[in-house]
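Next comes work_16.cif, with mmCIF, C-alpha atoms.
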```
data_upload
#
loop_
_atom_site.group_PDB
_atom_site.id
_atom_site.type_symbol
_atom_site.label_atom_id
_atom_site.label_comp_id
_atom_site.auth_asym_id
_atom_site.auth_seq_id
_atom_site.Cartn_x
_atom_site.Cartn_y
_atom_site.Cartn_z
ATOM 1 C CA MET U 1227 40.733 -13.080 -39.295
ATOM 2 C CA ALA U 1228 37.761 -11.198 -37.976
ATOM 3 C CA GLU U 1229 36.639 -11.724 -34.434
ATOM 4 C CA SER U 1230 33.122 -12.910 -34.053
ATOM 5 C CA GLY U 1231 30.693 -12.443 -31.212
ATOM 6 C CA SER U 1232 33.090 -10.830 -28.766
ATOM 7 C CA SER U 1233 33.163 -7.299 -30.080
ATOM 8 C CA PRO U 1234 31.283 -4.699 -28.062
ATOM 9 C CA ALA U 1235 29.069 -3.963 -31.037
ATOM 10 C CA ALA U 1236 27.789 -7.540 -31.083
ATOM 11 C CA GLN U 1237 26.650 -7.492 -27.480
ATOM 12 C CA PRO U 1238 23.328 -5.959 -26.544
ATOM 13 C CA VAL U 1239 23.813 -2.543 -25.093
ATOM 14 C CA PRO U 1240 21.548 -1.877 -22.129
ATOM 15 C CA GLN U 1241 19.380 1.057 -22.973
ATOM 16 C CA ALA U 1242 18.935 3.808 -20.466
ATOM 17 C CA VAL U 1243 15.436 4.010 -19.124
ATOM 18 C CA ARG U 1244 13.984 6.947 -20.930
ATOM 19 C CA PRO U 1245 11.383 9.236 -19.439
ATOM 20 C CA GLN U 1246 7.956 8.474 -20.769
ATOM 21 C CA GLY U 1247 4.538 10.028 -20.566
ATOM 22 C CA ASN U 1248 3.429 13.259 -19.020
ATOM 23 C CA PRO U 1249 4.560 13.571 -15.383
ATOM 24 C CA VAL U 1250 1.515 15.580 -14.326
ATOM 25 C CA VAL U 1251 -0.937 13.131 -15.881
ATOM 26 C CA ALA U 1252 0.934 10.152 -14.448
ATOM 27 C CA VAL U 1253 1.089 11.509 -10.908
ATOM 28 C CA LEU U 1254 -2.452 12.863 -10.918
ATOM 29 C CA SER U 1255 -3.967 9.676 -12.302
ATOM 30 C CA ALA U 1256 -1.901 7.604 -9.867
ATOM 31 C CA TRP U 1257 -3.308 9.608 -6.987
ATOM 32 C CA LEU U 1258 -6.905 9.776 -8.155
ATOM 33 C CA VAL U 1259 -7.374 6.080 -8.844
ATOM 34 C CA PRO U 1260 -5.036 3.468 -7.333
ATOM 35 C CA GLY U 1261 -2.989 1.826 -10.077
ATOM 36 C CA LEU U 1262 -4.166 4.129 -12.843
ATOM 37 C CA GLY U 1263 -0.796 5.848 -13.019
ATOM 38 C CA HIS U 1264 0.864 2.536 -13.769
ATOM 39 C CA VAL U 1265 -1.763 1.718 -16.371
ATOM 40 C CA TYR U 1266 -1.090 5.102 -17.968
ATOM 41 C CA LEU U 1267 2.607 4.230 -18.035
ATOM 42 C CA LYS U 1268 1.761 0.928 -19.753
ATOM 43 C CA ARG U 1269 2.334 -1.234 -16.691
ATOM 44 C CA HIS U 1270 -1.143 -2.666 -17.032
ATOM 45 C CA LEU U 1271 -0.848 -5.818 -14.974
ATOM 46 C CA ARG U 1272 1.029 -4.142 -12.166
ATOM 47 C CA GLY U 1273 -1.489 -1.315 -12.120
ATOM 48 C CA LEU U 1274 -4.355 -3.784 -11.899
ATOM 49 C CA VAL U 1275 -2.754 -5.683 -9.033
ATOM 50 C CA PHE U 1276 -2.032 -2.450 -7.163
ATOM 51 C CA PHE U 1277 -5.644 -1.398 -7.676
ATOM 52 C CA VAL U 1278 -6.893 -4.685 -6.250
ATOM 53 C CA LEU U 1279 -4.559 -4.476 -3.241
ATOM 54 C CA VAL U 1280 -5.419 -0.892 -2.328
ATOM 55 C CA ILE U 1281 -9.152 -1.376 -2.828
ATOM 56 C CA ALA U 1282 -9.072 -4.644 -0.876
ATOM 57 C CA SER U 1283 -7.436 -2.852 2.025
ATOM 58 C CA LEU U 1284 -10.027 -0.097 1.741
ATOM 59 C CA LEU U 1285 -13.003 -2.459 1.648
ATOM 60 C CA ILE U 1286 -11.755 -4.527 4.567
ATOM 61 C CA GLY U 1287 -11.240 -1.320 6.539
ATOM 62 C CA CYS U 1288 -14.808 -0.233 5.793
ATOM 63 C CA LYS U 1289 -16.193 -3.672 6.593
ATOM 64 C CA LEU U 1290 -14.474 -3.493 9.975
ATOM 65 C CA GLU U 1291 -15.956 -0.012 10.489
ATOM 66 C CA GLY U 1292 -12.564 1.613 10.845
ATOM 67 C CA LYS U 1293 -12.061 5.328 11.149
ATOM 68 C CA LEU U 1294 -11.629 7.466 8.069
ATOM 69 C CA TYR U 1295 -9.443 10.222 9.399
ATOM 70 C CA THR U 1296 -10.536 13.828 9.314
ATOM 71 C CA ARG U 1297 -8.832 16.815 10.882
ATOM 72 C CA VAL U 1298 -9.701 17.377 14.510
ATOM 73 C CA PRO U 1299 -9.004 20.885 15.873
ATOM 74 C CA GLY U 1300 -6.383 20.822 18.606
ATOM 75 C CA GLU U 1301 -4.989 17.463 17.477
ATOM 76 C CA PRO U 1302 -2.238 18.186 14.935
ATOM 77 C CA LEU U 1303 -1.437 14.527 14.334
ATOM 78 C CA THR U 1304 -4.870 14.081 12.781
ATOM 79 C CA ILE U 1305 -3.718 16.391 9.978
ATOM 80 C CA LEU U 1306 -1.006 13.890 9.057
ATOM 81 C CA ALA U 1307 -3.410 10.981 9.357
ATOM 82 C CA THR U 1308 -5.953 12.807 7.197
ATOM 83 C CA LEU U 1309 -3.352 13.543 4.543
ATOM 84 C CA GLY U 1310 -2.305 9.909 4.638
ATOM 85 C CA SER U 1311 -5.887 8.762 4.215
ATOM 86 C CA MET U 1312 -6.453 11.270 1.433
ATOM 87 C CA GLY U 1313 -3.629 9.518 -0.372
ATOM 88 C CA MET U 1314 -6.137 6.972 -1.628
ATOM 89 C CA GLY U 1315 -7.562 9.643 -3.919
ATOM 90 C CA VAL U 1316 -11.129 9.501 -5.218
ATOM 91 C CA PRO U 1317 -12.198 6.656 -2.888
ATOM 92 C CA TYR U 1318 -11.479 8.859 0.128
ATOM 93 C CA PHE U 1319 -13.721 11.655 -1.080
ATOM 94 C CA LEU U 1320 -16.340 9.196 -2.247
ATOM 95 C CA LEU U 1321 -16.442 7.609 1.181
ATOM 96 C CA ARG U 1322 -16.340 10.855 3.083
ATOM 97 C CA TYR U 1323 -18.617 13.108 1.071
ATOM 98 C CA GLY U 1324 -20.559 10.661 -1.106
ATOM 99 C CA LEU U 1325 -21.350 7.913 1.361
ATOM 100 C CA HIS U 1326 -20.803 9.987 4.529
ATOM 101 C CA TYR U 1327 -18.745 7.152 5.923
ATOM 102 C CA GLN U 1328 -17.414 7.765 9.413
ATOM 103 C CA GLY U 1329 -16.661 4.388 10.939
ATOM 104 C CA ASN U 1330 -17.886 3.124 14.254
ATOM 105 C CA VAL U 1331 -15.753 3.558 17.343
ATOM 106 C CA MET U 1332 -17.910 0.971 19.132
ATOM 107 C CA GLY U 1333 -17.304 -1.611 16.395
ATOM 108 C CA ALA U 1334 -15.297 -4.656 17.372
ATOM 109 C CA GLY U 1335 -12.916 -4.199 14.445
ATOM 110 C CA PHE U 1336 -12.544 -0.442 14.740
ATOM 111 C CA GLU U 1337 -8.793 -0.368 15.391
ATOM 112 C CA TYR U 1338 -8.027 -2.943 12.738
ATOM 113 C CA GLY U 1339 -10.266 -1.213 10.244
ATOM 114 C CA THR U 1340 -8.550 2.105 10.905
ATOM 115 C CA ALA U 1341 -5.182 0.495 10.208
ATOM 116 C CA PHE U 1342 -6.466 -0.982 6.944
ATOM 117 C CA LEU U 1343 -7.945 2.353 5.810
ATOM 118 C CA LEU U 1344 -4.820 4.321 6.644
ATOM 119 C CA THR U 1345 -2.669 1.705 4.955
ATOM 120 C CA ALA U 1346 -4.736 1.992 1.769
ATOM 121 C CA GLY U 1347 -4.012 5.717 1.624
ATOM 122 C CA LEU U 1348 -0.330 5.329 2.382
ATOM 123 C CA MET U 1349 0.113 2.565 -0.168
ATOM 124 C CA ASN U 1350 -1.416 4.748 -2.849
ATOM 125 C CA LEU U 1351 0.928 7.600 -1.922
ATOM 126 C CA LEU U 1352 3.825 5.217 -2.530
ATOM 127 C CA LEU U 1353 2.284 4.358 -5.892
ATOM 128 C CA VAL U 1354 2.256 8.055 -6.764
ATOM 129 C CA LEU U 1355 5.963 8.258 -5.968
ATOM 130 C CA ASP U 1356 6.593 5.095 -7.971
ATOM 131 C CA ALA U 1357 4.753 6.530 -10.967
ATOM 132 C CA TRP U 1358 6.843 9.687 -10.628
ATOM 133 C CA ASP U 1359 10.055 7.657 -10.639
ATOM 134 C CA ILE U 1360 8.934 5.716 -13.710
ATOM 135 C CA VAL U 1361 7.894 8.777 -15.645
ATOM 136 C CA ARG U 1362 11.191 10.491 -14.853
ATOM 137 C CA GLY U 1363 13.126 7.462 -16.045
ATOM 138 C CA LYS U 1364 14.610 6.645 -12.667
ATOM 139 C CA LYS U 1365 12.882 3.319 -12.450
ATOM 140 C CA GLU U 1366 11.853 0.670 -14.919
ATOM 141 C CA MET I 1103 -13.760 -12.080 10.200
ATOM 142 C CA LEU I 1104 -12.882 -10.683 13.596
ATOM 143 C CA SER I 1105 -10.196 -13.199 14.426
ATOM 144 C CA HIS I 1106 -7.114 -11.252 15.446
ATOM 145 C CA PHE I 1107 -4.803 -13.747 13.830
ATOM 146 C CA LEU I 1108 -6.740 -13.868 10.569
ATOM 147 C CA LEU I 1109 -6.781 -10.084 10.326
ATOM 148 C CA MET I 1110 -3.060 -9.977 11.003
ATOM 149 C CA VAL I 1111 -2.407 -12.529 8.278
ATOM 150 C CA VAL I 1112 -4.615 -10.699 5.768
ATOM 151 C CA TYR I 1113 -2.911 -7.411 6.583
ATOM 152 C CA ALA I 1114 0.534 -8.964 6.241
ATOM 153 C CA LEU I 1115 -0.504 -10.561 2.960
ATOM 154 C CA ILE I 1116 -1.685 -7.290 1.441
ATOM 155 C CA VAL I 1117 1.321 -5.290 2.616
ATOM 156 C CA SER I 1118 3.906 -7.881 1.624
ATOM 157 C CA LEU I 1119 2.368 -8.343 -1.823
ATOM 158 C CA PHE I 1120 2.314 -4.605 -2.307
ATOM 159 C CA PHE I 1121 5.949 -4.035 -1.411
ATOM 160 C CA THR I 1122 7.068 -7.075 -3.341
ATOM 161 C CA LEU I 1123 5.530 -5.736 -6.535
ATOM 162 C CA LEU I 1124 6.737 -2.238 -5.806
ATOM 163 C CA TRP I 1125 10.346 -3.085 -5.129
ATOM 164 C CA ARG I 1126 11.183 -6.201 -7.156
ATOM 165 C CA ARG I 1127 10.800 -7.109 -10.813
ATOM 166 C CA GLU I 1128 12.251 -10.596 -11.130
ATOM 167 C CA ARG I 1129 10.124 -13.514 -10.028
ATOM 168 C CA LYS I 1130 12.767 -15.186 -7.885
ATOM 169 C CA GLU I 1131 13.543 -11.991 -6.025
ATOM 170 C CA GLN I 1132 9.848 -11.297 -5.636
ATOM 171 C CA VAL I 1133 9.234 -14.635 -3.958
ATOM 172 C CA LYS I 1134 12.197 -14.101 -1.662
ATOM 173 C CA LEU I 1135 11.148 -10.612 -0.602
ATOM 174 C CA PHE I 1136 7.511 -11.635 -0.226
ATOM 175 C CA LEU I 1137 8.442 -14.435 2.149
ATOM 176 C CA GLN I 1138 10.773 -12.170 4.095
ATOM 177 C CA ILE I 1139 8.148 -9.483 4.641
ATOM 178 C CA PHE I 1140 5.201 -11.808 5.169
ATOM 179 C CA LEU I 1141 6.921 -14.171 7.561
ATOM 180 C CA GLY I 1142 8.609 -11.243 9.288
ATOM 181 C CA MET I 1143 5.287 -9.554 9.957
ATOM 182 C CA VAL I 1144 3.381 -12.662 11.030
ATOM 183 C CA GLY I 1145 6.290 -14.131 12.966
ATOM 184 C CA GLY I 1146 7.105 -10.779 14.521
ATOM 185 C CA GLY I 1147 3.482 -10.327 15.561
ATOM 186 C CA LEU I 1148 3.388 -13.761 17.158
ATOM 187 C CA LEU I 1149 6.700 -13.103 18.903
ATOM 188 C CA VAL I 1150 5.474 -9.813 20.364
ATOM 189 C CA ALA I 1151 2.213 -11.480 21.409
ATOM 190 C CA TRP I 1152 4.181 -14.273 23.104
ATOM 191 C CA LEU I 1153 6.420 -11.770 24.909
ATOM 192 C CA MET I 1154 3.390 -9.813 26.111
ATOM 193 C CA TYR I 1155 1.514 -12.884 27.262
ATOM 194 C CA PRO I 1156 2.668 -12.701 30.930
ATOM 195 C CA PHE I 1157 1.476 -9.126 31.280
ATOM 196 C CA PRO I 1158 -2.082 -8.723 32.521
ATOM 197 C CA SER I 1159 -4.394 -7.007 30.077
ATOM 198 C CA GLY I 1160 -6.308 -5.148 32.793
ATOM 199 C CA PRO I 1161 -9.766 -3.702 32.507
ATOM 200 C CA PRO I 1162 -10.802 -2.233 29.140
ATOM 201 C CA ALA I 1163 -10.089 1.433 28.701
ATOM 202 C CA PRO I 1164 -13.132 3.687 28.940
ATOM 203 C CA ILE I 1165 -14.428 4.960 25.630
ATOM 204 C CA PRO I 1166 -14.222 8.740 25.519
#
```
Let me see whether you can do it: turn the structure in this file into structure tokens.
Amino acid sequence: MAESGSSPAAQPVPQAVRPQGNPVVAVLSAWLVPGLGHVYLKRHLRGLVFFVLVIASLLIGCKLEGKLYTRVPGEPLTILATLGSMGMGVPYFLLRYGLHYQGNVMGAGFEYGTAFLLTAGLMNLLLVLDAWDIVRGKKE
Amino acid sequence: MLSHFLLMVVYALIVSLFFTLLWRRERKEQVKLFLQIFLGMVGGGLLVAWLMYPFPSGPPAPIP
């Protein structure tokens, strides 16, 4: 009498997460535009939500006239902060060089705005790492 | 828009949503982690504010 349903062949075998897409394209697109790396990796909805979250943080930071970090000679920590802010990709360069955004230290929301702007950059850096993990097959 | 509490809540909302979507895939786990992060940030902020309440704020620092 043949066994039914309990043999290993009858059960679904979990497939290993296979690498997908081009790592360079995934990482670069993830950095340039928030969420684009996930869209490239066919995580459309997640990419869209990440885009909305990062851009919302960015817009609130600008509305509050927060500081967009740039390197200040003699202050090495500003290098880290600048790199963190640059993590938001194209929006950083658009704000800095296109719109000449600087923030307003006299603004009432300056400190909060700075936190929102820096957070936008750091969140996008995490998205770059997430896209890297997905494209290498280490994450679903 | 410049309410400290409102800004703290908005910030906590954005950050907790972000990490929830980044770290969890299943809906039930997402809700759980979202509540943990969001309530942790807002509650933690209120707790720190409450602990600092007795300390005098002093005059505003001069703007360089």
For this session: Take the PyMOL selection byres ((chain I) within 12 of (chain U)), apply it to the structure above, and return the hits as a list of chain:residue names.
Result: I:Met1103, I:Leu1104, I:Ser1105, I:His1106, I:Phe1107, I:Leu1108, I:Leu1109, I:Met1110, I:Val1111, I:Val1112, I:Tyr1113, I:Ala1114, I:Leu1115, I:Ile1116, I:Val1117, I:Ser1118, I:Leu1119, I:Phe1120, I:Phe1121, I:Thr1122, I:Leu1123, I:Leu1124, I:Trp1125, I:Arg1126, I:Arg1127, I:Glu1128, I:Pro1164, I:Ile1165, I:Pro1166
When you look at Val1354 of chain U with a cut-off of 9 Å (counting all atoms listed in the file), what residues show up, excluding the ones that are within fewer than 3 positions of it in the same chain? I need them as a PDB file with C-alpha atoms, keeping the file's coordinate frame.
```pdb
ATOM      1  CA  ALA U1252       0.934  10.152 -14.448  1.00  0.00           C
ATOM      2  CA  VAL U1253       1.089  11.509 -10.908  1.00  0.00           C
ATOM      3  CA  LEU U1254      -2.452  12.863 -10.918  1.00  0.00           C
ATOM      4  CA  SER U1255      -3.967   9.676 -12.302  1.00  0.00           C
ATOM      5  CA  ALA U1256      -1.901   7.604  -9.867  1.00  0.00           C
ATOM      6  CA  TRP U1257      -3.308   9.608  -6.987  1.00  0.00           C
ATOM      7  CA  PRO U1260      -5.036   3.468  -7.333  1.00  0.00           C
ATOM      8  CA  GLY U1261      -2.989   1.826 -10.077  1.00  0.00           C
ATOM      9  CA  GLY U1263      -0.796   5.848 -13.019  1.00  0.00           C
ATOM     10  CA  GLY U1313      -3.629   9.518  -0.372  1.00  0.00           C
ATOM     11  CA  MET U1349       0.113   2.565  -0.168  1.00  0.00           C
ATOM     12  CA  ASN U1350      -1.416   4.748  -2.849  1.00  0.00           C
ATOM     13  CA  LEU U1351       0.928   7.600  -1.922  1.00  0.00           C
ATOM     14  CA  ALA U1357       4.753   6.530 -10.967  1.00  0.00           C
ATOM     15  CA  TRP U1358       6.843   9.687 -10.628  1.00  0.00           C
ATOM     16  CA  ASP U1359      10.055   7.657 -10.639  1.00  0.00           C
TER      17      ASP U1359
END
```
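Put simply, atom CA of Gly1363 of chain U is 14.5 Å away from atom CA of Tyr1266 of chain U.
Here atom CA of Arg1297 of chain U is placed at a distance of 9.0 Å from atom CA of Leu1309 of chain U.
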Using only C-alpha atoms, determine which residues lie at most 10 Å from Lys1268 of chain U, disregarding the query and same-chain residues fewer than 5 positions distant; provide the list as an mmCIF file with C-alpha atoms, keeping the file's coordinate frame.
```cif
data_model
loop_
_atom_site.group_PDB
_atom_site.id
_atom_site.type_symbol
_atom_site.label_atom_id
_atom_site.label_comp_id
_atom_site.auth_asym_id
_atom_site.auth_seq_id
_atom_site.Cartn_x
_atom_site.Cartn_y
_atom_site.Cartn_z
ATOM 1 C CA GLN U 1246 7.956 8.474 -20.769
ATOM 2 C CA GLY U 1247 4.538 10.028 -20.566
ATOM 3 C CA LEU U 1262 -4.166 4.129 -12.843
ATOM 4 C CA GLY U 1263 -0.796 5.848 -13.019
ATOM 5 C CA GLY U 1273 -1.489 -1.315 -12.120
#
```
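The two atoms in question, atom CA of Trp1152 of chain I and atom CA of Gln1138 of chain I, are spaced 20.2 Å apart.
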For this session: Give me the residues within 12 Å of Leu1306 of chain U as a PyMOL selection string, counting only C-alpha atoms and dropping any in the same chain fewer than 3 places off.
Result: chain U and resi 1295-1298+1301-1303+1309-1313+1344+1347-1348
Could those residues be written to a file, using C-alpha atoms, as a PDB file, keeping the file's coordinate frame?
```
ATOM      1  CA  TYR U1295      -9.443  10.222   9.399  1.00  0.00           C
ATOM      2  CA  THR U1296     -10.536  13.828   9.314  1.00  0.00           C
ATOM      3  CA  ARG U1297      -8.832  16.815  10.882  1.00  0.00           C
ATOM      4  CA  VAL U1298      -9.701  17.377  14.510  1.00  0.00           C
ATOM      5  CA  GLU U1301      -4.989  17.463  17.477  1.00  0.00           C
ATOM      6  CA  PRO U1302      -2.238  18.186  14.935  1.00  0.00           C
ATOM      7  CA  LEU U1303      -1.437  14.527  14.334  1.00  0.00           C
ATOM      8  CA  LEU U1309      -3.352  13.543   4.543  1.00  0.00           C
ATOM      9  CA  GLY U1310      -2.305   9.909   4.638  1.00  0.00           C
ATOM     10  CA  SER U1311      -5.887   8.762   4.215  1.00  0.00           C
ATOM     11  CA  MET U1312      -6.453  11.270   1.433  1.00  0.00           C
ATOM     12  CA  GLY U1313      -3.629   9.518  -0.372  1.00  0.00           C
ATOM     13  CA  LEU U1344      -4.820   4.321   6.644  1.00  0.00           C
ATOM     14  CA  GLY U1347      -4.012   5.717   1.624  1.00  0.00           C
ATOM     15  CA  LEU U1348      -0.330   5.329   2.382  1.00  0.00           C
TER      16      LEU U1348
END
```
Problem set entry | Contacts of Thr1340 of chain U at 8 Å (all atoms listed in the file; same-chain gap of 4+ positions) as a PyMOL selection string | chain U and resi 1287+1291-1294+1336+1344
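Closest approach to Leu1284 of chain U from the set U:Arg1362, U:Asn1248, U:Gly1333, U:Leu1320 is made by U:Leu1320, with distances taken over all atoms listed in the file.
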Since the input has fewer atoms than a full residue there, write segment 1145-1164 of chain I out with N, CA and C atoms, as a compact mmCIF listing (two decimals), in the frame of the given file.
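File written: part34.txt
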```txt
# COMPACT_ATOMS: atom_id res chain seq x y z
N GLY I 1145 5.44 -13.60 11.90
CA GLY I 1145 6.29 -14.13 12.97
C GLY I 1145 6.58 -13.08 14.02
N GLY I 1146 6.84 -11.86 13.57
CA GLY I 1146 7.10 -10.78 14.52
C GLY I 1146 5.90 -10.51 15.40
N GLY I 1147 4.71 -10.54 14.79
CA GLY I 1147 3.48 -10.33 15.56
C GLY I 1147 3.28 -11.41 16.61
N LEU I 1148 3.53 -12.65 16.20
CA LEU I 1148 3.39 -13.76 17.16
C LEU I 1148 4.43 -13.66 18.28
N LEU I 1149 5.64 -13.24 17.90
CA LEU I 1149 6.70 -13.10 18.90
C LEU I 1149 6.34 -12.03 19.94
N VAL I 1150 5.86 -10.89 19.44
CA VAL I 1150 5.47 -9.81 20.36
C VAL I 1150 4.31 -10.27 21.24
N ALA I 1151 3.35 -10.97 20.63
CA ALA I 1151 2.21 -11.48 21.41
C ALA I 1151 2.69 -12.44 22.50
N TRP I 1152 3.66 -13.30 22.14
CA TRP I 1152 4.18 -14.27 23.10
C TRP I 1152 4.91 -13.55 24.24
N LEU I 1153 5.69 -12.52 23.88
CA LEU I 1153 6.42 -11.77 24.91
C LEU I 1153 5.47 -11.02 25.84
N MET I 1154 4.34 -10.58 25.31
CA MET I 1154 3.39 -9.81 26.11
C MET I 1154 2.43 -10.69 26.90
N TYR I 1155 2.48 -11.98 26.65
CA TYR I 1155 1.51 -12.88 27.26
C TYR I 1155 1.52 -12.81 28.79
N PRO I 1156 2.68 -12.73 29.46
CA PRO I 1156 2.67 -12.70 30.93
C PRO I 1156 2.04 -11.44 31.51
N PHE I 1157 1.99 -10.38 30.73
CA PHE I 1157 1.48 -9.13 31.28
C PHE I 1157 -0.06 -9.16 31.33
N PRO I 1158 -0.61 -8.73 32.44
CA PRO I 1158 -2.08 -8.72 32.52
C PRO I 1158 -2.65 -7.66 31.60
N SER I 1159 -3.79 -7.96 31.00
CA SER I 1159 -4.39 -7.01 30.08
C SER I 1159 -5.12 -5.90 30.82
N GLY I 1160 -5.62 -6.17 32.01
CA GLY I 1160 -6.31 -5.15 32.79
C GLY I 1160 -7.70 -4.89 32.26
N PRO I 1161 -8.41 -4.00 32.94
CA PRO I 1161 -9.77 -3.70 32.51
C PRO I 1161 -9.75 -2.91 31.21
N PRO I 1162 -10.78 -3.00 30.40
CA PRO I 1162 -10.80 -2.23 29.14
C PRO I 1162 -10.83 -0.74 29.41
N ALA I 1163 -10.15 -0.02 28.53
CA ALA I 1163 -10.09 1.43 28.70
C ALA I 1163 -11.47 2.04 28.44
N PRO I 1164 -11.82 3.06 29.19
CA PRO I 1164 -13.13 3.69 28.94
C PRO I 1164 -13.15 4.39 27.60
```
